[in-house]
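Engineer: Let me begin by handing over the structure; questions about it come next.
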Amino acid sequence: MHIPEIVGQDEAVRLLDREMASGKMSHAYLMWGPRGSGKMALAKRLALASNCMQSAARASASGGPESGQDLPLWFCGECPNCEKIAKGIHPDVCVVAPEGDAIKIGQIREMKWRIALKPNEASIKTWIIDEADRMTEEAQNCLLKVLEEPPGDSLIILLSEDPGMMLPTISSRCHEVRLNAIGIEELTKWAEAEFDLEPERAKLLATLSEGLPGRVATLAGDDEYFKVRDRIISTVRRVALCEDGSEALAASEDLIDQLKKAYAQAVDGGGSPEVLEISSPMGACDLMAGWFRDLFILSITGDESLIINLDHIMDIREDAARGQPSLFSRWAVKAMQTAQALRSSANPRLAMDDLFLNLALHE
Ligand SMILES: [Zn+2]
C-alpha cells in the first residue's frame, strides 16, 4: 500500500491537525507551493486522517490528538477506508486534474453533482482539484457556486503552484495552506534513507531539486535528466573561454538541435517534468547560470560545500582557475537574463547565439 509521505512541512501539518482535532476544519482548502513541495501528499494525508475508521475511535480513547499521544494527521493504514484511499479507489475521495490543457466546466459540473450526494462509505466526501489554476473561467465560476454553499459532509482541496492565476473570489473562500521548499540538510538525510543513496549523491539531488522532495523523488531514478544535463555542461564548458565566435555559433546551433530532440523524446516517451524543464532552452540557461554561479562562488570563497553541481567538482575547479570572478558573475547574470528573455518568447536560436558569443568573447 502506498502511504503518502510528507517531508518537512511541519507547520502545515500541525495547523491542519489542530483544526481537525478541534472540529474546526474548513470545507475548502487551497494548498499552494512549488511543484514537488508535496501538495498532493498532504491532501491525501488529510483525506486519510479525516476518514480513517480507527482515527476517531483512537482519538476519543486517548483523549484526542491534543493529548500529544498521536502523530499529527494520524491514520491507521489498515482499515477499509485507509486501504482504498491509499490505492486511489475510494468512491468518496476523488481527484480532478486537467484534461489536456485545462480543467473544463464539465469536470466541475460533475463534481458539483456528485458532491451533493451522501458519501457512500466515508464520513467526509473529499475532492482534490490538482493544478486548480488551470481551471477555465467557466469552471472556476461553477466551482465558486459550490464553495459558496458547500455540502456539510464535504471537503474540497485545491492544489496550485500559482494561485494568482485563479479568481480572487475562489482563494478568498478557501483556507490557505502554504507549502515551502525545505532545508537542504533535512532533504539530504531523507533522500539518503528513502532511496538508499550515498551522502554525496543525496546532497546533489537535494541541491538540484532546490529543496523540493517531489523533485528529488523524480531525479533519483531519472537517467535521462542527467544525460541532458551533462550534454549542456560539456557544451558550455567548451564554449566558455574558447575565444572563437564561429565555434560558439556552431555550438549554439548544435545545442538547440539536441535540446529539441531531447524535449520531443521526453514528450513522446512520457518523460518527467524535470527532463522537460532541462530540455527547454530556458531550463538549459538556468543550468548554465547555476554553473557560472558555482565558478564564481568557488573562485571567491574556495568553499566547495557551497557548490550546486557537486558531481562535477573537478571540472568546476579547473574552469574556476581559468577566469576571473567578475567574468563568471557577468556570465551568470547574462544566462539568467537569457532565460528570462526566453520566457518572454525570445527566439531560442538568437538568444542562445547571443549568450554563447558573450561566453566565447569574454564579454
Ligand atoms: Zn484507517
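By order in the C-alpha cells, chains are A, B, ...; within a chain, residues start at 1; ligands start at 1, following the order shown.
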Could you list, as a list of chain:residue names, all the residues within 7 Å of ligand 1, counting only C-alpha atoms and all ligand atoms?

Structural biologist: A:Cys52, A:Met53, A:Gln54, A:Ser55, A:Phe75, A:Cys76, A:Gly77, A:Glu78, A:Cys79, A:Pro80, A:Asn81, A:Cys82

Engineer: For the selection you just gave me, I'd like the residues written to a file as an mmCIF file, in the first residue's frame, keeping N, CA and C atoms.

Structural biologist:
```
data_model
loop_
_atom_site.group_PDB
_atom_site.id
_atom_site.type_symbol
_atom_site.label_atom_id
_atom_site.label_comp_id
_atom_site.auth_asym_id
_atom_site.auth_seq_id
_atom_site.Cartn_x
_atom_site.Cartn_y
_atom_site.Cartn_z
ATOM 1 N N CYS A 52 -10.197 7.855 8.242
ATOM 2 C CA CYS A 52 -9.754 6.598 8.857
ATOM 3 C C CYS A 52 -10.755 6.172 9.926
ATOM 4 N N MET A 53 -11.164 4.905 9.847
ATOM 5 C CA MET A 53 -12.191 4.425 10.772
ATOM 6 C C MET A 53 -11.648 4.274 12.190
ATOM 7 N N GLN A 54 -10.360 4.089 12.308
ATOM 8 C CA GLN A 54 -9.793 3.920 13.653
ATOM 9 C C GLN A 54 -9.344 5.245 14.255
ATOM 10 N N SER A 55 -9.211 6.239 13.407
ATOM 11 C CA SER A 55 -8.688 7.514 13.886
ATOM 12 C C SER A 55 -9.619 8.141 14.924
ATOM 13 N N PHE A 75 -3.380 8.218 10.841
ATOM 14 C CA PHE A 75 -4.349 7.287 10.252
ATOM 15 C C PHE A 75 -3.775 5.885 10.432
ATOM 16 N N CYS A 76 -4.677 4.864 10.413
ATOM 17 C CA CYS A 76 -4.173 3.524 10.755
ATOM 18 C C CYS A 76 -3.479 2.838 9.571
ATOM 19 N N GLY A 77 -3.926 3.119 8.350
ATOM 20 C CA GLY A 77 -3.322 2.481 7.183
ATOM 21 C C GLY A 77 -3.846 1.066 6.942
ATOM 22 N N GLU A 78 -4.798 0.608 7.792
ATOM 23 C CA GLU A 78 -5.256 -0.780 7.666
ATOM 24 C C GLU A 78 -6.758 -0.929 7.471
ATOM 25 N N CYS A 79 -7.523 0.056 7.922
ATOM 26 C CA CYS A 79 -8.983 -0.072 7.820
ATOM 27 C C CYS A 79 -9.392 0.031 6.338
ATOM 28 N N PRO A 80 -10.621 -0.409 5.985
ATOM 29 C CA PRO A 80 -11.028 -0.375 4.568
ATOM 30 C C PRO A 80 -10.919 1.032 3.956
ATOM 31 N N ASN A 81 -11.271 2.059 4.719
ATOM 32 C CA ASN A 81 -11.165 3.419 4.159
ATOM 33 C C ASN A 81 -9.719 3.772 3.832
ATOM 34 N N CYS A 82 -8.818 3.518 4.789
ATOM 35 C CA CYS A 82 -7.399 3.831 4.558
ATOM 36 C C CYS A 82 -6.878 3.076 3.337
#
```

Engineer: Write out as a list of chain:residue names the residues lying within 8 Å of Val95 in chain A, counting only C-alpha atoms and excluding same-chain residues fewer than 4 positions away.

Structural biologist: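 So, after excluding close chain neighbours, the residues are A:Trp127, A:Ile128, A:Ile129, A:Asp130.
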
Engineer: Would you mind listing what lies within 8 Å of range 223-228 of chain A as a list in words, with only C-alpha atoms counted and same-chain residues fewer than 5 positions away left out?

Structural biologist: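 Answer for this query is Leu259, Ala262, Glu274, Val275, Ile278 and Ser279 of chain A.
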
Engineer: With only C-alpha atoms as the basis for distance, which of A:Ala360, A:Leu327, A:Ala56, A:Leu255 is at the shortest distance from Pro348 in chain A?

Structural biologist: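 Ranking A:Ala360, A:Leu327, A:Ala56, A:Leu255 by distance to Pro348 in chain A, first place goes to A:Leu255.
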
Engineer: Within range 34-259 of chain A, find each residue whose DSSP state, derived from the backbone, is strand (DSSP E), and express the selection as a list of chain:residue names.

Structural biologist: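 Answer for range 34-259 of chain A restricted to strand (DSSP E) is A:Val93, A:Cys94, A:Val95, A:Val96, A:Lys125, A:Thr126, A:Trp127, A:Ile128, A:Ile129, A:Ser154, A:Leu155, A:Ile156, A:Ile157, A:Leu158, A:Leu159, A:Ser160, A:His175, A:Glu176, A:Val177, A:Arg178.
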
Engineer: Based on the selection just made, write C-alpha atoms of those residues as a compact mmCIF listing (two decimals), in the first residue's frame.

Structural biologist:
```
# COMPACT_ATOMS: atom_id res chain seq x y z
CA VAL A 93 -12.17 10.50 -2.41
CA CYS A 94 -11.80 11.83 -5.94
CA VAL A 95 -9.13 13.72 -7.84
CA VAL A 96 -9.90 16.16 -10.64
CA LYS A 125 -16.54 13.25 0.75
CA THR A 126 -13.21 14.63 -0.41
CA TRP A 127 -12.46 16.23 -3.77
CA ILE A 128 -8.92 17.15 -4.64
CA ILE A 129 -8.54 19.54 -7.58
CA SER A 154 -17.63 17.56 2.03
CA LEU A 155 -14.04 18.66 1.81
CA ILE A 156 -12.66 20.39 -1.28
CA ILE A 157 -8.90 20.74 -1.60
CA LEU A 158 -7.44 22.89 -4.36
CA LEU A 159 -3.77 22.38 -5.24
CA SER A 160 -1.89 25.09 -7.09
CA HIS A 175 -8.40 28.29 3.87
CA GLU A 176 -4.88 28.80 2.50
CA VAL A 177 -2.09 26.38 3.40
CA ARG A 178 1.34 27.36 2.12
```

Engineer: Quick one: everything within 10 Å of range 168-173 of chain A, counting only C-alpha atoms, minus sequence neighbours fewer than 4 positions away in the same chain. Send it as number ranges by chain.

Structural biologist: A: 26-30, 140-141, 143-145, 147-148, 158, 163-164

Engineer: Could you write those residues out with C-alpha atoms, as a tab-separated table (two decimals), in the first residue's frame?

Structural biologist:
```tsv
chain	number	residue	atom	x	y	z
A	26	SER	CA	-12.78	24.28	6.78
A	27	HIS	CA	-14.85	22.89	3.90
A	28	ALA	CA	-12.28	24.13	1.42
A	29	TYR	CA	-8.51	24.38	1.44
A	30	LEU	CA	-6.11	25.91	-1.03
A	140	GLN	CA	-13.97	28.50	-11.81
A	141	ASN	CA	-17.37	30.22	-11.79
A	143	LEU	CA	-16.74	25.90	-8.56
A	144	LEU	CA	-17.46	29.22	-6.90
A	145	LYS	CA	-21.11	28.23	-6.52
A	147	LEU	CA	-17.71	26.96	-2.45
A	148	GLU	CA	-20.46	29.43	-1.58
A	158	LEU	CA	-7.44	22.89	-4.36
A	163	PRO	CA	-2.99	30.70	-7.07
A	164	GLY	CA	-2.68	34.22	-8.52
```

Engineer: Using only C-alpha atoms, which residue out of A:Ser234, A:Thr188, A:Ser246, A:Gln340 lies closest to Gly283 in chain A?

Structural biologist: A:Gln340

Engineer: Would you list the contacts of Ala332 in chain A as a PDB file with N, CA and C atoms, in the first residue's frame, taking every protein, DNA or RNA residue within 10 Å and counting only C-alpha atoms, but skipping same-chain residues closer than 3 positions in sequence?

Structural biologist:
```pdb
ATOM      1  N   CYS A 285      19.414  27.368 -19.882  1.00  0.00           N
ATOM      2  CA  CYS A 285      20.046  28.630 -19.441  1.00  0.00           C
ATOM      3  C   CYS A 285      20.082  28.719 -17.911  1.00  0.00           C
ATOM      4  N   ASP A 286      19.021  28.229 -17.257  1.00  0.00           N
ATOM      5  CA  ASP A 286      19.038  28.213 -15.787  1.00  0.00           C
ATOM      6  C   ASP A 286      20.210  27.367 -15.277  1.00  0.00           C
ATOM      7  N   LEU A 287      20.395  26.214 -15.929  1.00  0.00           N
ATOM      8  CA  LEU A 287      21.502  25.337 -15.533  1.00  0.00           C
ATOM      9  C   LEU A 287      22.848  26.051 -15.741  1.00  0.00           C
ATOM     10  N   MET A 288      22.987  26.743 -16.880  1.00  0.00           N
ATOM     11  CA  MET A 288      24.248  27.453 -17.142  1.00  0.00           C
ATOM     12  C   MET A 288      24.472  28.553 -16.097  1.00  0.00           C
ATOM     13  N   ALA A 289      23.396  29.244 -15.735  1.00  0.00           N
ATOM     14  CA  ALA A 289      23.530  30.295 -14.707  1.00  0.00           C
ATOM     15  C   ALA A 289      24.048  29.670 -13.408  1.00  0.00           C
ATOM     16  N   GLY A 290      23.523  28.481 -13.071  1.00  0.00           N
ATOM     17  CA  GLY A 290      23.974  27.776 -11.868  1.00  0.00           C
ATOM     18  C   GLY A 290      25.438  27.365 -11.978  1.00  0.00           C
ATOM     19  N   TRP A 291      25.836  26.993 -13.183  1.00  0.00           N
ATOM     20  CA  TRP A 291      27.231  26.582 -13.417  1.00  0.00           C
ATOM     21  C   TRP A 291      28.173  27.768 -13.180  1.00  0.00           C
ATOM     22  N   PHE A 292      27.833  28.918 -13.769  1.00  0.00           N
ATOM     23  CA  PHE A 292      28.695  30.093 -13.606  1.00  0.00           C
ATOM     24  C   PHE A 292      28.685  30.591 -12.155  1.00  0.00           C
ATOM     25  N   ARG A 293      27.542  30.421 -11.536  1.00  0.00           N
ATOM     26  CA  ARG A 293      27.454  30.790 -10.107  1.00  0.00           C
ATOM     27  C   ARG A 293      28.430  29.921  -9.301  1.00  0.00           C
ATOM     28  N   ASP A 294      28.511  28.627  -9.651  1.00  0.00           N
ATOM     29  CA  ASP A 294      29.460  27.740  -8.969  1.00  0.00           C
ATOM     30  C   ASP A 294      30.903  28.210  -9.189  1.00  0.00           C
ATOM     31  N   LEU A 295      31.223  28.581 -10.443  1.00  0.00           N
ATOM     32  CA  LEU A 295      32.590  29.054 -10.736  1.00  0.00           C
ATOM     33  C   LEU A 295      32.898  30.309  -9.914  1.00  0.00           C
ATOM     34  N   PHE A 296      31.901  31.202  -9.879  1.00  0.00           N
ATOM     35  CA  PHE A 296      32.073  32.456  -9.137  1.00  0.00           C
ATOM     36  C   PHE A 296      32.303  32.182  -7.649  1.00  0.00           C
ATOM     37  N   SER A 326      34.832  38.252 -11.690  1.00  0.00           N
ATOM     38  CA  SER A 326      33.933  39.263 -12.282  1.00  0.00           C
ATOM     39  C   SER A 326      33.352  38.749 -13.612  1.00  0.00           C
ATOM     40  N   LEU A 327      34.136  37.972 -14.348  1.00  0.00           N
ATOM     41  CA  LEU A 327      33.664  37.415 -15.618  1.00  0.00           C
ATOM     42  C   LEU A 327      32.566  36.372 -15.347  1.00  0.00           C
ATOM     43  N   PHE A 328      32.806  35.487 -14.354  1.00  0.00           N
ATOM     44  CA  PHE A 328      31.821  34.456 -14.035  1.00  0.00           C
ATOM     45  C   PHE A 328      30.504  35.085 -13.574  1.00  0.00           C
ATOM     46  N   SER A 329      30.620  36.157 -12.809  1.00  0.00           N
ATOM     47  CA  SER A 329      29.380  36.763 -12.314  1.00  0.00           C
ATOM     48  C   SER A 329      28.626  37.427 -13.473  1.00  0.00           C
ATOM     49  N   ALA A 335      23.249  34.648 -18.395  1.00  0.00           N
ATOM     50  CA  ALA A 335      22.472  33.407 -18.578  1.00  0.00           C
ATOM     51  C   ALA A 335      21.076  33.556 -17.964  1.00  0.00           C
ATOM     52  N   MET A 336      21.002  34.223 -16.805  1.00  0.00           N
ATOM     53  CA  MET A 336      19.684  34.438 -16.178  1.00  0.00           C
ATOM     54  C   MET A 336      18.817  35.350 -17.042  1.00  0.00           C
ATOM     55  N   GLN A 337      19.454  36.402 -17.593  1.00  0.00           N
ATOM     56  CA  GLN A 337      18.699  37.322 -18.456  1.00  0.00           C
ATOM     57  C   GLN A 337      18.214  36.611 -19.715  1.00  0.00           C
ATOM     58  N   THR A 338      19.048  35.718 -20.234  1.00  0.00           N
ATOM     59  CA  THR A 338      18.649  34.974 -21.439  1.00  0.00           C
ATOM     60  C   THR A 338      17.451  34.069 -21.116  1.00  0.00           C
TER      61      THR A 338
END
```

Engineer: Closest to Leu48 in chain A among A:Gly323, A:Pro273, A:Gly88, A:Gly106, using only C-alpha atoms?

Structural biologist: A:Gly88

Engineer: Here is a test: counting only C-alpha atoms, which residue of A:Glu304, A:Cys174, A:Leu46, A:Leu355 is nearest to Val333 in chain A?

Structural biologist: A:Leu355

Engineer: Closest to Asp315 in chain A among A:Lys24, A:Arg134, A:Arg238, A:Arg14, using only C-alpha atoms?

Structural biologist: A:Arg238

Engineer: Can you list, as an mmCIF file with C-alpha atoms, in the first residue's frame, every protein, DNA or RNA residue that comes within 10 Å of Thr136 in chain A when you count only C-alpha atoms, leaving out same-chain residues fewer than 6 positions away?

Structural biologist:
```cif
data_model
loop_
_atom_site.group_PDB
_atom_site.id
_atom_site.type_symbol
_atom_site.label_atom_id
_atom_site.label_comp_id
_atom_site.auth_asym_id
_atom_site.auth_seq_id
_atom_site.Cartn_x
_atom_site.Cartn_y
_atom_site.Cartn_z
ATOM 1 C CA PRO A 98 -6.531 18.879 -16.206
ATOM 2 C CA ASP A 101 -4.505 21.804 -21.140
ATOM 3 C CA ALA A 102 -7.274 22.708 -18.745
ATOM 4 C CA ILE A 103 -9.837 21.638 -16.173
ATOM 5 C CA LYS A 104 -13.071 22.162 -18.019
ATOM 6 C CA ILE A 105 -16.522 23.144 -16.835
ATOM 7 C CA CYS A 142 -19.048 26.841 -11.455
ATOM 8 C CA MET A 166 -7.361 31.979 -10.193
#
```

Engineer: If you run DSSP over the backbone, which residues in range 42-263 of chain A end up alpha helix (DSSP H)? Put them as number ranges by chain.

Structural biologist: A: 42-51, 53-61, 80-87, 105-115, 137-148, 168-172, 184-195, 199-208, 213-220, 223-239, 245-263
